[in-house]
>>> print(open('model.cif').read())   # mmCIF, C-alpha atoms and all ligand atoms
data_my_file
loop_
_atom_site.group_PDB
_atom_site.id
_atom_site.type_symbol
_atom_site.label_atom_id
_atom_site.label_comp_id
_atom_site.auth_asym_id
_atom_site.auth_seq_id
_atom_site.Cartn_x
_atom_site.Cartn_y
_atom_site.Cartn_z
ATOM 1 C CA MET E 1 116.940 130.264 119.478
ATOM 2 C CA HIS E 2 117.996 127.842 122.183
ATOM 3 C CA ARG E 3 118.345 128.224 125.919
ATOM 4 C CA VAL E 4 121.677 127.680 127.695
ATOM 5 C CA HIS E 5 121.747 126.873 131.408
ATOM 6 C CA ILE E 6 125.049 127.212 133.269
ATOM 7 C CA GLU E 7 125.623 125.172 136.409
ATOM 8 C CA PRO E 8 126.276 125.425 139.290
ATOM 9 C CA SER E 9 125.218 129.089 139.158
ATOM 10 C CA ALA E 10 121.811 128.376 137.525
ATOM 11 C CA ILE E 11 122.368 131.234 135.077
ATOM 12 C CA ALA E 12 120.453 130.972 131.813
ATOM 13 C CA PHE E 13 120.466 132.909 128.547
ATOM 14 C CA GLU E 14 119.306 132.582 124.952
ATOM 15 C CA VAL E 15 121.623 131.740 122.075
ATOM 16 C CA GLY E 16 120.819 132.298 118.409
ATOM 17 C CA GLU E 17 121.285 129.751 115.635
ATOM 18 C CA GLN E 18 124.417 131.443 114.286
ATOM 19 C CA GLU E 19 126.174 132.756 117.397
ATOM 20 C CA THR E 20 128.645 130.964 119.615
ATOM 21 C CA VAL E 21 127.776 130.137 123.202
ATOM 22 C CA LEU E 22 130.562 132.483 124.375
ATOM 23 C CA ILE E 23 129.232 135.456 122.388
ATOM 24 C CA ALA E 24 125.654 134.772 123.478
ATOM 25 C CA ALA E 25 126.766 134.710 127.119
ATOM 26 C CA LEU E 26 128.547 138.049 126.710
ATOM 27 C CA ALA E 27 125.490 139.572 125.033
ATOM 28 C CA ALA E 28 123.448 138.452 128.050
ATOM 29 C CA GLY E 29 125.939 140.046 130.468
ATOM 30 C CA TRP E 30 127.965 136.972 131.461
ATOM 31 C CA ARG E 31 131.644 136.333 130.956
ATOM 32 C CA LEU E 32 132.956 132.803 130.479
ATOM 33 C CA PRO E 33 136.663 132.125 130.903
ATOM 34 C CA SER E 34 138.237 132.735 127.472
ATOM 35 C CA SER E 35 141.288 133.990 125.653
ATOM 36 C CA CYS E 36 141.802 133.180 121.960
ATOM 37 C CA ARG E 37 138.129 132.796 121.020
ATOM 38 C CA ASN E 38 139.127 130.650 118.057
ATOM 39 C CA GLY E 39 139.168 127.159 119.563
ATOM 40 C CA THR E 40 142.903 126.754 120.164
ATOM 41 C CA CYS E 41 143.887 127.928 123.679
ATOM 42 C CA ARG E 42 141.308 125.797 125.580
ATOM 43 C CA SER E 43 140.838 128.369 128.323
ATOM 44 C CA CYS E 44 137.062 128.249 127.789
ATOM 45 C CA ILE E 45 136.807 124.447 128.071
ATOM 46 C CA CYS E 46 133.779 123.238 129.997
ATOM 47 C CA ARG E 47 131.589 120.198 130.191
ATOM 48 C CA LEU E 48 128.334 119.717 128.325
ATOM 49 C CA ARG E 49 125.831 117.977 130.609
ATOM 50 C CA THR E 50 122.962 117.798 128.160
ATOM 51 C CA GLY E 51 122.252 118.972 124.638
ATOM 52 C CA GLU E 52 123.979 119.005 121.269
ATOM 53 C CA ILE E 53 126.428 121.440 119.729
ATOM 54 C CA SER E 54 128.320 121.855 116.493
ATOM 55 C CA TYR E 55 131.486 123.843 115.839
ATOM 56 C CA VAL E 56 132.165 126.849 113.615
ATOM 57 C CA ILE E 57 135.668 125.478 112.931
ATOM 58 C CA GLU E 58 136.645 122.066 111.621
ATOM 59 C CA TRP E 59 139.212 121.111 114.277
ATOM 60 C CA PRO E 60 138.448 122.529 117.738
ATOM 61 C CA GLY E 61 141.327 121.905 120.169
ATOM 62 C CA LEU E 62 139.878 118.824 121.831
ATOM 63 C CA SER E 63 140.926 115.185 121.679
ATOM 64 C CA ALA E 64 138.471 112.483 120.656
ATOM 65 C CA GLU E 65 138.505 111.297 124.274
ATOM 66 C CA GLU E 66 137.639 114.760 125.584
ATOM 67 C CA LYS E 67 134.775 115.055 123.113
ATOM 68 C CA ALA E 68 133.495 111.634 124.161
ATOM 69 C CA GLU E 69 133.621 112.741 127.815
ATOM 70 C CA GLY E 70 131.510 115.800 127.020
ATOM 71 C CA TRP E 71 134.148 118.549 127.042
ATOM 72 C CA ILE E 72 133.411 121.427 124.679
ATOM 73 C CA LEU E 73 134.884 124.799 123.682
ATOM 74 C CA PRO E 74 132.062 127.355 123.916
ATOM 75 C CA CYS E 75 134.023 130.042 122.025
ATOM 76 C CA VAL E 76 133.496 128.051 118.813
ATOM 77 C CA ALA E 77 130.373 126.070 119.753
ATOM 78 C CA ILE E 78 126.927 126.614 118.248
ATOM 79 C CA ALA E 79 123.930 125.249 120.159
ATOM 80 C CA ARG E 80 121.834 122.773 118.181
ATOM 81 C CA THR E 81 119.467 122.146 121.103
ATOM 82 C CA ASP E 82 118.937 123.636 124.554
ATOM 83 C CA LEU E 83 122.143 123.107 126.561
ATOM 84 C CA VAL E 84 123.184 122.557 130.169
ATOM 85 C CA LEU E 85 126.867 123.320 130.803
ATOM 86 C CA ASP E 86 129.093 122.955 133.859
ATOM 87 C CA GLN E 87 131.132 126.143 134.132
ATOM 88 C CA PRO E 88 131.929 127.293 137.690
ATOM 89 C CA GLY E 89 134.043 130.187 136.342
ATOM 90 C CA MET E 90 131.213 132.231 134.853
ATOM 91 C CA VAL E 91 130.976 135.811 136.154
ATOM 92 C CA SER E 92 128.902 138.886 135.427
ATOM 93 C CA VAL E 93 130.455 141.420 133.036
ATOM 94 C CA PHE E 94 129.283 144.039 135.528
ATOM 95 C CA GLY E 95 131.521 142.630 138.272
HETATM 96 S S1 LIG K 101 138.835 130.864 124.253
HETATM 97 FE FE1 LIG K 101 140.520 129.764 123.433
HETATM 98 S S2 LIG K 101 139.668 127.816 122.996
HETATM 99 FE FE2 LIG K 101 137.971 128.974 123.638
#
>>> encode(input="model.cif", output="structure tokens")
Amino acid sequence: MHRVHIEPSAIAFEVGEQETVLIAALAAGWRLPSSCRNGTCRSCICRLRTGEISYVIEWPGLSAEEKAEGWILPCVAIARTDLVLDQPGMVSVFG
């Protein structure tokens, strides 16, 4: 298990070794912007401040430049360490 912190809201939740950040957020009661959930539409894109991730697909829809700048797609991202993400669009699933 790793811990994911979302800024600027200071929300935090746990993510398992095999679940995506998006699914872990939903399980904890938080909804990230998303649509396709397969790494192609980019509606979930957000910036990784600290930590390391890997992807469940080979070619997530990000350019090499975006990856170098820290942009990630949480719908297909697995946490390899604790993470801090910038995602101002996160909301509670309970409204
Ligand atoms: S929801 Fe489409 S790329 Fe993440």
>>> closest_residue(input="model.cif", among="E:Ile6, E:Leu22, E:Ile72, E:Cys41", to="ligand LIG 101 (chain K)", atoms="only C-alpha atoms and all ligand atoms")
E:Cys41
>>> atom_distance(input="model.cif", atom1="CA of Glu17 (chain E)", atom2="CA of Val76 (chain E)")
12.7 Å
>>> closest_residue(input="model.cif", among="E:Ser92, E:Ile23, E:Ile45, E:Gly29", to="Pro60 (chain E)", atoms="only C-alpha atoms")
E:Ile45
>>> atom_distance(input="model.cif", atom1="CA of His5 (chain E)", atom2="CA of Val84 (chain E)")
4.7 Å
>>> axis_aligned_box(input="model.cif", around="ligand LIG 101 (chain K)", padding_each_side="8 Å", output="lines of an AutoDock Vina configuration file")
center_x = 139.2
center_y = 129.3
center_z = 123.6
size_x = 18.5
size_y = 19.0
size_z = 17.3
>>> resolve_selection(input="model.cif", expression="the PyMOL selection byres (((chain E and resi 30) around 10) and not hetatm)", output="PDB file with C-alpha atoms, keeping the file's coordinate frame")
ATOM      1  CA  ILE E  11     122.368 131.234 135.077  1.00  0.00           C
ATOM      2  CA  ALA E  12     120.453 130.972 131.813  1.00  0.00           C
ATOM      3  CA  PHE E  13     120.466 132.909 128.547  1.00  0.00           C
ATOM      4  CA  LEU E  22     130.562 132.483 124.375  1.00  0.00           C
ATOM      5  CA  ILE E  23     129.232 135.456 122.388  1.00  0.00           C
ATOM      6  CA  ALA E  24     125.654 134.772 123.478  1.00  0.00           C
ATOM      7  CA  ALA E  25     126.766 134.710 127.119  1.00  0.00           C
ATOM      8  CA  LEU E  26     128.547 138.049 126.710  1.00  0.00           C
ATOM      9  CA  ALA E  27     125.490 139.572 125.033  1.00  0.00           C
ATOM     10  CA  ALA E  28     123.448 138.452 128.050  1.00  0.00           C
ATOM     11  CA  GLY E  29     125.939 140.046 130.468  1.00  0.00           C
ATOM     12  CA  ARG E  31     131.644 136.333 130.956  1.00  0.00           C
ATOM     13  CA  LEU E  32     132.956 132.803 130.479  1.00  0.00           C
ATOM     14  CA  PRO E  33     136.663 132.125 130.903  1.00  0.00           C
ATOM     15  CA  MET E  90     131.213 132.231 134.853  1.00  0.00           C
ATOM     16  CA  VAL E  91     130.976 135.811 136.154  1.00  0.00           C
ATOM     17  CA  SER E  92     128.902 138.886 135.427  1.00  0.00           C
ATOM     18  CA  VAL E  93     130.455 141.420 133.036  1.00  0.00           C
ATOM     19  CA  PHE E  94     129.283 144.039 135.528  1.00  0.00           C
ATOM     20  CA  GLY E  95     131.521 142.630 138.272  1.00  0.00           C
TER      21      GLY E  95
END
>>> closest_residue(input="model.cif", among="E:Ser54, E:Asn38, E:Ser43, E:Gln18", to="Leu83 (chain E)", atoms="all atoms listed in the file")
E:Ser54
>>> residues_near_ligand(input="model.cif", ligand="ligand LIG 101 (chain K)", cutoff="7 Å", atoms="all atoms listed in the file", output="VMD selection string")
chain E and resid 34 to 45 61 73 to 76
